[in-house]
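final.pdb (PDB, C-alpha atoms, pLDDT in the B column)
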ATOM      1  CA  MET A   1     -57.503-110.928 228.949  1.00 43.00           C
ATOM      2  CA  LYS A   2     -57.939-108.837 225.790  1.00 49.00           C
ATOM      3  CA  VAL A   3     -55.629-106.175 227.196  1.00 49.00           C
ATOM      4  CA  THR A   4     -53.006-108.789 228.033  1.00 54.00           C
ATOM      5  CA  VAL A   5     -53.161-110.269 224.526  1.00 52.00           C
ATOM      6  CA  LEU A   6     -52.801-106.809 222.965  1.00 49.00           C
ATOM      7  CA  GLN A   7     -49.821-106.025 225.191  1.00 63.00           C
ATOM      8  CA  ASP A   8     -48.160-109.291 224.153  1.00 68.00           C
ATOM      9  CA  ILE A   9     -48.702-108.525 220.465  1.00 64.00           C
ATOM     10  CA  MET A  10     -47.303-105.006 220.733  1.00 79.00           C
ATOM     11  CA  SER A  11     -44.343-106.167 222.830  1.00 84.00           C
ATOM     12  CA  ALA A  12     -43.407-108.826 220.272  1.00 90.00           C
ATOM     13  CA  ASN A  13     -43.807-106.294 217.456  1.00 90.00           C
ATOM     14  CA  ASP A  14     -41.609-103.733 219.214  1.00 94.00           C
ATOM     15  CA  LYS A  15     -38.790-106.244 219.714  1.00 95.00           C
ATOM     16  CA  ILE A  16     -38.736-106.964 215.978  1.00 96.00           C
ATOM     17  CA  ALA A  17     -38.894-103.234 215.246  1.00 97.00           C
ATOM     18  CA  ASP A  18     -35.807-102.669 217.391  1.00 97.00           C
ATOM     19  CA  LYS A  19     -33.972-105.367 215.419  1.00 97.00           C
ATOM     20  CA  ASN A  20     -35.042-103.736 212.142  1.00 97.00           C
ATOM     21  CA  LEU A  21     -33.730-100.373 213.287  1.00 97.00           C
ATOM     22  CA  ASP A  22     -30.442-101.885 214.394  1.00 97.00           C
ATOM     23  CA  LEU A  23     -30.025-103.632 211.031  1.00 97.00           C
ATOM     24  CA  LEU A  24     -30.750-100.431 209.102  1.00 97.00           C
ATOM     25  CA  ASN A  25     -28.332 -98.397 211.208  1.00 96.00           C
ATOM     26  CA  LYS A  26     -25.566-100.986 210.836  1.00 96.00           C
ATOM     27  CA  ASN A  27     -25.952-100.722 207.047  1.00 96.00           C
ATOM     28  CA  ASN A  28     -26.177 -96.905 207.091  1.00 96.00           C
ATOM     29  CA  VAL A  29     -29.616 -97.008 205.472  1.00 97.00           C
ATOM     30  CA  LEU A  30     -32.099 -94.214 206.131  1.00 98.00           C
ATOM     31  CA  ALA A  31     -35.579 -95.767 206.207  1.00 98.00           C
ATOM     32  CA  VAL A  32     -38.584 -93.472 205.882  1.00 98.00           C
ATOM     33  CA  ASN A  33     -42.102 -94.668 206.680  1.00 97.00           C
ATOM     34  CA  VAL A  34     -44.631 -92.685 204.602  1.00 97.00           C
ATOM     35  CA  MET A  35     -48.210 -92.774 205.912  1.00 96.00           C
ATOM     36  CA  SER A  36     -51.470 -91.145 204.855  1.00 95.00           C
ATOM     37  CA  SER A  37     -55.083 -91.821 204.036  1.00 94.00           C
ATOM     38  CA  PRO A  38     -55.805 -93.365 200.615  1.00 92.00           C
ATOM     39  CA  GLY A  39     -55.378 -90.902 197.756  1.00 92.00           C
ATOM     40  CA  ALA A  40     -53.342 -88.312 199.633  1.00 95.00           C
ATOM     41  CA  GLY A  41     -50.472 -88.637 197.171  1.00 95.00           C
ATOM     42  CA  LYS A  42     -47.921 -90.989 198.751  1.00 94.00           C
ATOM     43  CA  THR A  43     -46.956 -92.713 195.514  1.00 94.00           C
ATOM     44  CA  THR A  44     -46.794 -89.422 193.599  1.00 95.00           C
ATOM     45  CA  LEU A  45     -44.515 -87.901 196.237  1.00 96.00           C
ATOM     46  CA  ILE A  46     -42.265 -90.975 196.211  1.00 96.00           C
ATOM     47  CA  LEU A  47     -42.011 -90.911 192.406  1.00 96.00           C
ATOM     48  CA  GLU A  48     -41.110 -87.218 192.410  1.00 96.00           C
ATOM     49  CA  THR A  49     -38.565 -87.809 195.174  1.00 97.00           C
ATOM     50  CA  ILE A  50     -36.978 -90.575 193.108  1.00 96.00           C
ATOM     51  CA  LYS A  51     -36.722 -88.305 190.058  1.00 95.00           C
ATOM     52  CA  ARG A  52     -34.943 -85.628 192.087  1.00 96.00           C
ATOM     53  CA  LEU A  53     -32.528 -87.938 193.913  1.00 96.00           C
ATOM     54  CA  LYS A  54     -31.893 -90.713 191.391  1.00 92.00           C
ATOM     55  CA  GLY A  55     -28.263 -90.812 190.346  1.00 92.00           C
ATOM     56  CA  ARG A  56     -27.117 -89.175 193.583  1.00 95.00           C
ATOM     57  CA  VAL A  57     -28.772 -91.424 196.155  1.00 97.00           C
ATOM     58  CA  ARG A  58     -29.260 -95.187 195.955  1.00 97.00           C
ATOM     59  CA  ILE A  59     -32.982 -95.679 196.568  1.00 97.00           C
ATOM     60  CA  SER A  60     -35.204 -98.693 197.129  1.00 97.00           C
ATOM     61  CA  VAL A  61     -38.925 -98.753 197.876  1.00 96.00           C
ATOM     62  CA  ILE A  62     -41.204-101.088 199.797  1.00 95.00           C
ATOM     63  CA  GLU A  63     -44.846-100.844 198.770  1.00 91.00           C
ATOM     64  CA  ALA A  64     -47.455-102.040 201.263  1.00 88.00           C
ATOM     65  CA  ASP A  65     -51.028-102.563 200.095  1.00 80.00           C
ATOM     66  CA  ILE A  66     -53.908-104.761 201.097  1.00 73.00           C
ATOM     67  CA  ALA A  67     -53.856-106.120 197.531  1.00 72.00           C
ATOM     68  CA  SER A  68     -52.328-105.532 194.043  1.00 74.00           C
ATOM     69  CA  THR A  69     -48.870-104.497 192.818  1.00 81.00           C
ATOM     70  CA  MET A  70     -49.953-101.317 191.015  1.00 84.00           C
ATOM     71  CA  ASP A  71     -47.811 -98.882 193.017  1.00 86.00           C
ATOM     72  CA  ALA A  72     -44.744-101.117 193.010  1.00 89.00           C
ATOM     73  CA  ASP A  73     -45.031-101.430 189.227  1.00 90.00           C
ATOM     74  CA  LYS A  74     -44.928 -97.625 188.918  1.00 92.00           C
ATOM     75  CA  ILE A  75     -41.753 -97.467 191.027  1.00 92.00           C
ATOM     76  CA  ILE A  76     -40.029-100.197 189.019  1.00 92.00           C
ATOM     77  CA  LYS A  77     -40.740 -98.293 185.789  1.00 93.00           C
ATOM     78  CA  GLU A  78     -38.571 -95.489 187.198  1.00 92.00           C
ATOM     79  CA  GLY A  79     -35.654 -97.904 187.390  1.00 92.00           C
ATOM     80  CA  VAL A  80     -35.746 -98.223 191.180  1.00 94.00           C
ATOM     81  CA  PRO A  81     -35.930-101.609 192.973  1.00 92.00           C
ATOM     82  CA  ALA A  82     -39.264-102.150 194.701  1.00 93.00           C
ATOM     83  CA  ILE A  83     -40.661-104.909 196.894  1.00 91.00           C
ATOM     84  CA  GLN A  84     -44.392-105.424 197.292  1.00 90.00           C
ATOM     85  CA  ILE A  85     -45.942-106.317 200.638  1.00 88.00           C
ATOM     86  CA  ASN A  86     -49.554-107.471 200.467  1.00 81.00           C
ATOM     87  CA  THR A  87     -50.927-107.355 203.986  1.00 72.00           C
ATOM     88  CA  GLY A  88     -53.764-109.784 203.346  1.00 72.00           C
ATOM     89  CA  GLY A  89     -56.427-107.466 204.712  1.00 68.00           C
ATOM     90  CA  GLN A  90     -54.449-105.852 207.520  1.00 74.00           C
ATOM     91  CA  CYS A  91     -54.716-102.064 207.607  1.00 76.00           C
ATOM     92  CA  HIS A  92     -51.053-101.442 208.413  1.00 79.00           C
ATOM     93  CA  THR A  93     -47.493-102.681 208.023  1.00 88.00           C
ATOM     94  CA  ASP A  94     -46.066-104.292 211.144  1.00 92.00           C
ATOM     95  CA  ALA A  95     -42.445-104.866 212.144  1.00 94.00           C
ATOM     96  CA  ASN A  96     -42.444-108.500 211.037  1.00 93.00           C
ATOM     97  CA  MET A  97     -43.580-107.545 207.526  1.00 92.00           C
ATOM     98  CA  LEU A  98     -40.781-104.998 207.276  1.00 94.00           C
ATOM     99  CA  SER A  99     -38.284-107.554 208.589  1.00 95.00           C
ATOM    100  CA  SER A 100     -39.266-110.018 205.853  1.00 94.00           C
ATOM    101  CA  ALA A 101     -38.843-107.308 203.221  1.00 94.00           C
ATOM    102  CA  LEU A 102     -35.439-106.270 204.572  1.00 96.00           C
ATOM    103  CA  ASP A 103     -34.233-109.854 204.218  1.00 94.00           C
ATOM    104  CA  LYS A 104     -34.831-109.553 200.453  1.00 93.00           C
ATOM    105  CA  LEU A 105     -32.968-106.274 199.986  1.00 94.00           C
ATOM    106  CA  PRO A 106     -29.236-105.657 199.381  1.00 95.00           C
ATOM    107  CA  LEU A 107     -28.971-103.188 202.262  1.00 96.00           C
ATOM    108  CA  ALA A 108     -25.273-102.556 201.648  1.00 95.00           C
ATOM    109  CA  ASP A 109     -26.236-101.045 198.283  1.00 96.00           C
ATOM    110  CA  ILE A 110     -29.028 -98.776 199.565  1.00 97.00           C
ATOM    111  CA  ASP A 111     -28.832 -95.250 200.979  1.00 97.00           C
ATOM    112  CA  LEU A 112     -32.534 -94.397 201.207  1.00 98.00           C
ATOM    113  CA  LEU A 113     -35.313 -96.914 201.781  1.00 98.00           C
ATOM    114  CA  ILE A 114     -38.857 -95.585 201.446  1.00 97.00           C
ATOM    115  CA  LEU A 115     -41.779 -97.576 202.798  1.00 96.00           C
ATOM    116  CA  GLU A 116     -45.187 -96.600 201.474  1.00 94.00           C
ATOM    117  CA  ASN A 117     -47.487 -97.805 204.229  1.00 93.00           C
ATOM    118  CA  VAL A 118     -51.093 -98.893 203.787  1.00 89.00           C
ATOM    119  CA  GLY A 119     -53.464 -95.952 203.280  1.00 87.00           C
ATOM    120  CA  ASN A 120     -54.899 -95.405 206.754  1.00 88.00           C
ATOM    121  CA  LEU A 121     -54.601 -92.726 209.456  1.00 90.00           C
ATOM    122  CA  VAL A 122     -55.259 -95.041 212.415  1.00 90.00           C
ATOM    123  CA  CYS A 123     -53.480 -98.417 212.409  1.00 85.00           C
ATOM    124  CA  PRO A 124     -50.073 -97.397 210.943  1.00 87.00           C
ATOM    125  CA  ALA A 125     -49.616 -94.869 213.743  1.00 88.00           C
ATOM    126  CA  GLU A 126     -50.015 -97.584 216.364  1.00 87.00           C
ATOM    127  CA  PHE A 127     -47.302 -99.960 215.114  1.00 88.00           C
ATOM    128  CA  LYS A 128     -43.615 -99.299 215.587  1.00 92.00           C
ATOM    129  CA  ILE A 129     -41.790-100.899 212.662  1.00 95.00           C
ATOM    130  CA  GLY A 130     -38.151 -99.818 212.980  1.00 96.00           C
ATOM    131  CA  THR A 131     -37.754 -96.934 210.526  1.00 97.00           C
ATOM    132  CA  GLN A 132     -35.696 -93.929 211.623  1.00 97.00           C
ATOM    133  CA  LYS A 133     -38.197 -91.386 210.287  1.00 97.00           C
ATOM    134  CA  ASN A 134     -41.981 -91.427 210.096  1.00 97.00           C
ATOM    135  CA  ILE A 135     -43.708 -89.094 207.653  1.00 97.00           C
ATOM    136  CA  MET A 136     -47.390 -88.296 207.346  1.00 96.00           C
ATOM    137  CA  LEU A 137     -49.091 -86.815 204.265  1.00 97.00           C
ATOM    138  CA  LEU A 138     -52.312 -84.851 204.468  1.00 97.00           C
ATOM    139  CA  SER A 139     -53.770 -83.533 201.223  1.00 98.00           C
ATOM    140  CA  ILE A 140     -55.529 -80.184 200.973  1.00 98.00           C
ATOM    141  CA  PRO A 141     -58.843 -81.790 199.838  1.00 97.00           C
ATOM    142  CA  GLU A 142     -58.993 -83.795 203.096  1.00 97.00           C
ATOM    143  CA  GLY A 143     -59.440 -80.656 205.184  1.00 97.00           C
ATOM    144  CA  ASP A 144     -57.544 -79.044 208.050  1.00 97.00           C
ATOM    145  CA  ASP A 145     -59.448 -80.768 210.869  1.00 96.00           C
ATOM    146  CA  LYS A 146     -57.642 -84.113 210.695  1.00 96.00           C
ATOM    147  CA  PRO A 147     -55.208 -83.480 213.610  1.00 96.00           C
ATOM    148  CA  PHE A 148     -58.221 -83.379 215.933  1.00 96.00           C
ATOM    149  CA  LYS A 149     -59.632 -86.621 214.505  1.00 96.00           C
ATOM    150  CA  TYR A 150     -56.349 -88.560 214.342  1.00 96.00           C
ATOM    151  CA  PRO A 151     -54.174 -87.089 217.113  1.00 96.00           C
ATOM    152  CA  LEU A 152     -51.888 -90.109 217.534  1.00 95.00           C
ATOM    153  CA  MET A 153     -50.678 -89.905 213.948  1.00 96.00           C
ATOM    154  CA  PHE A 154     -49.913 -86.193 214.105  1.00 97.00           C
ATOM    155  CA  SER A 155     -48.334 -86.310 217.558  1.00 96.00           C
ATOM    156  CA  THR A 156     -45.790 -89.027 216.774  1.00 94.00           C
ATOM    157  CA  VAL A 157     -44.432 -88.337 213.264  1.00 97.00           C
ATOM    158  CA  ASP A 158     -41.162 -86.588 212.427  1.00 97.00           C
ATOM    159  CA  ALA A 159     -42.620 -84.614 209.537  1.00 97.00           C
ATOM    160  CA  VAL A 160     -45.990 -83.662 208.081  1.00 98.00           C
ATOM    161  CA  ALA A 161     -46.243 -82.982 204.355  1.00 98.00           C
ATOM    162  CA  ILE A 162     -49.288 -80.997 203.246  1.00 98.00           C
ATOM    163  CA  SER A 163     -49.776 -82.374 199.755  1.00 98.00           C
ATOM    164  CA  LYS A 164     -51.718 -81.110 196.728  1.00 97.00           C
ATOM    165  CA  MET A 165     -51.028 -77.477 197.558  1.00 98.00           C
ATOM    166  CA  ASP A 166     -52.212 -76.599 194.040  1.00 97.00           C
ATOM    167  CA  TYR A 167     -55.751 -77.193 195.358  1.00 97.00           C
ATOM    168  CA  LEU A 168     -55.403 -74.552 198.078  1.00 97.00           C
ATOM    169  CA  PRO A 169     -56.927 -71.644 196.080  1.00 96.00           C
ATOM    170  CA  VAL A 170     -60.194 -73.563 195.645  1.00 97.00           C
ATOM    171  CA  SER A 171     -60.399 -74.887 199.206  1.00 97.00           C
ATOM    172  CA  ASP A 172     -61.128 -73.490 202.657  1.00 96.00           C
ATOM    173  CA  PHE A 173     -58.053 -75.196 204.143  1.00 98.00           C
ATOM    174  CA  LYS A 174     -56.475 -72.807 206.667  1.00 97.00           C
ATOM    175  CA  ILE A 175     -52.728 -73.416 206.464  1.00 96.00           C
ATOM    176  CA  GLU A 176     -51.648 -71.201 209.360  1.00 96.00           C
ATOM    177  CA  GLN A 177     -54.255 -72.648 211.717  1.00 97.00           C
ATOM    178  CA  PHE A 178     -53.354 -76.190 210.651  1.00 97.00           C
ATOM    179  CA  GLU A 179     -49.644 -75.638 211.283  1.00 97.00           C
ATOM    180  CA  LYS A 180     -50.402 -74.083 214.675  1.00 96.00           C
ATOM    181  CA  THR A 181     -52.507 -77.106 215.621  1.00 97.00           C
ATOM    182  CA  VAL A 182     -49.832 -79.597 214.520  1.00 97.00           C
ATOM    183  CA  ARG A 183     -47.075 -77.743 216.373  1.00 96.00           C
ATOM    184  CA  GLY A 184     -49.248 -77.697 219.482  1.00 96.00           C
ATOM    185  CA  MET A 185     -49.404 -81.490 219.327  1.00 96.00           C
ATOM    186  CA  ASN A 186     -45.866 -82.154 218.146  1.00 97.00           C
ATOM    187  CA  GLN A 187     -43.154 -79.519 218.447  1.00 94.00           C
ATOM    188  CA  LYS A 188     -40.481 -81.692 216.796  1.00 93.00           C
ATOM    189  CA  SER A 189     -42.417 -82.229 213.575  1.00 95.00           C
ATOM    190  CA  GLN A 190     -41.264 -80.530 210.390  1.00 96.00           C
ATOM    191  CA  ILE A 191     -44.041 -79.240 208.123  1.00 97.00           C
ATOM    192  CA  PHE A 192     -43.692 -79.208 204.340  1.00 98.00           C
ATOM    193  CA  PRO A 193     -46.410 -77.639 202.164  1.00 98.00           C
ATOM    194  CA  ILE A 194     -45.821 -79.340 198.809  1.00 98.00           C
ATOM    195  CA  SER A 195     -47.246 -79.997 195.382  1.00 97.00           C
ATOM    196  CA  ALA A 196     -45.625 -82.774 193.364  1.00 92.00           C
ATOM    197  CA  ARG A 197     -47.522 -81.460 190.336  1.00 90.00           C
ATOM    198  CA  THR A 198     -46.181 -77.895 190.418  1.00 95.00           C
ATOM    199  CA  GLY A 199     -42.977 -78.554 192.367  1.00 96.00           C
ATOM    200  CA  GLU A 200     -43.941 -76.219 195.217  1.00 97.00           C
ATOM    201  CA  GLY A 201     -42.048 -77.101 198.392  1.00 97.00           C
ATOM    202  CA  MET A 202     -40.214 -80.051 196.808  1.00 98.00           C
ATOM    203  CA  ASP A 203     -36.785 -78.420 197.160  1.00 97.00           C
ATOM    204  CA  GLU A 204     -37.315 -78.040 200.915  1.00 98.00           C
ATOM    205  CA  TRP A 205     -38.525 -81.628 201.188  1.00 98.00           C
ATOM    206  CA  ILE A 206     -35.487 -82.944 199.311  1.00 98.00           C
ATOM    207  CA  LYS A 207     -33.094 -80.832 201.384  1.00 98.00           C
ATOM    208  CA  TRP A 208     -34.606 -82.270 204.563  1.00 98.00           C
ATOM    209  CA  LEU A 209     -34.181 -85.834 203.290  1.00 97.00           C
ATOM    210  CA  GLU A 210     -30.585 -85.104 202.330  1.00 97.00           C
ATOM    211  CA  SER A 211     -29.920 -83.728 205.809  1.00 97.00           C
ATOM    212  CA  GLN A 212     -31.269 -86.937 207.338  1.00 97.00           C
ATOM    213  CA  LEU A 213     -29.059 -88.992 205.039  1.00 97.00           C
ATOM    214  CA  GLU A 214     -26.050 -86.927 206.067  1.00 95.00           C
ATOM    215  CA  GLU A 215     -26.899 -87.514 209.717  1.00 93.00           C
ATOM    216  CA  ILE A 216     -26.946 -91.279 209.143  1.00 91.00           C
ATOM    217  CA  ARG A 217     -23.532 -91.092 207.450  1.00 86.00           C
ATOM    218  CA  SER A 218     -22.115 -88.906 210.229  1.00 86.00           C
ATOM    219  CA  ASN A 219     -23.300 -91.310 212.906  1.00 80.00           C
ATOM    220  CA  SER A 220     -21.622 -94.208 211.103  1.00 73.00           C
ATOM    221  CA  GLU A 221     -18.307 -92.336 211.043  1.00 70.00           C
ATOM    222  CA  ALA A 222     -18.455 -91.301 214.708  1.00 61.00           C
TER     223      ALA A 222
END
Written as structure tokens, how would this file's structure read?
Amino acid sequence: MKVTVLQDIMSANDKIADKNLDLLNKNNVLAVNVMSSPGAGKTTLILETIKRLKGRVRISVIEADIASTMDADKIIKEGVPAIQINTGGQCHTDANMLSSALDKLPLADIDLLILENVGNLVCPAEFKIGTQKNIMLLSIPEGDDKPFKYPLMFSTVDAVAISKMDYLPVSDFKIEQFEKTVRGMNQKSQIFPISARTGEGMDEWIKWLESQLEEIRSNSEA
């Protein structure tokens, strides 16, 4: 019976996720789901992305946390609209939560929608929510063994950003071995070694986002 209940929950979630994706595509909005463990640098990366794209790309952000509005407040200070989702103890954002947030957004006035998911490497990977792109951050201090511990996350995302690259000289993180492991699990995934503090790799990250935005626009014109 437990398996049946779980299947029903996931099936209902997936149907809402498909509706979310359809709504985003109809409005030519690129939605990016950013996932990581707590403290990996999601908010910092989003803030730096905003600074580099603001004025050229219309951006909105959805912040998902178990509690508080701290991250959303930081986004709003940058002059970008942000909606806070408090999950009430849940360790992930599900499709219904995203759907409720989308209802509050002027999608016709948005090019790039960034969702900062709850800090967790397990639950967010299990729930389809309807974003076109799923991104995972792993910070250098967390170590290079995480693909073996959280294979679902690494095997399903569209891109992996290795954050806090400025810590690399004082760590034993093996970049080449990490990239080899990730590519062995997920050949489609892009890998971006970045540091929001020093700017390392940010140009490549921004170029990739811009290419995804262009793809959305091209599909709408086809």
- Task: Name the residues that the PyMOL selection byres ((chain A and resi 122) around 9) pulls out of this structure, and write them as number ranges by chain.
- Result: A: 37, 91-92, 120-121, 123-126, 150, 152-153
Could you give me the centre and size, in Å to one decimal, of an axis-aligned box around all listed atoms of region 181-199 of chain A with 5 Å added on every side, as AutoDock Vina command-line options?
--center_x -46.5 --center_y -79.9 --center_z 204.9 --size_x 22.0 --size_y 15.7 --size_z 39.1
- Do you know which residues the PyMOL selection byres ((chain A and resi 16-32) around 6) returns on this file, as a list in words? Asn13, Asp14, Lys15, Asn33, Ala95, Ala108, Asp111, Leu112, Leu113, Ile114, Ile129, Gly130, Thr131, Gln132, Lys133 and Asn134 of chain A
- Item | Residue members of the PyMOL selection byres ((chain A and resi 202) around 12) in the file shown, as a ChimeraX atom specification | /A:44-53,161-165,191-201,203-209
- Message: My list of candidates is A:Val157, A:Leu138, A:Leu107, A:Pro147. Which is closest to Lys180 (chain A) when distances are computed with only C-alpha atoms?
- Response: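 Closest candidate: A:Pro147.
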- Message: To one decimal place in Å, what is the distance between CA of Asp158 (chain A) and CA of Leu105 (chain A)?
- Response: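 Interatomic distance, CA of Asp158 (chain A) to CA of Leu105 (chain A): 24.7 Å.
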- Query: Around (-53.3, -98.5, 202.6) in the file's frame, which residues reach within 12 Å when counting only C-alpha atoms? Return as a PyMOL selection string?
  - Reply: chain A and resi 34-43+63-68+71+85-93+115-124
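Atom pair CA of Gln84 (chain A) / CA of Ile110 (chain A): separated by 16.9 Å.
Between CA of Leu102 (chain A) and CA of Val160 (chain A) the interatomic distance comes to 25.2 Å.
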- Message: Considering only C-alpha atoms, can you say which of A:Val57, A:Ala159, A:Lys128, A:Met136 comes closest to Ser189 (chain A)?
- Response: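 Checking each candidate against Ser189 (chain A), we get A:Ala159 as the closest.
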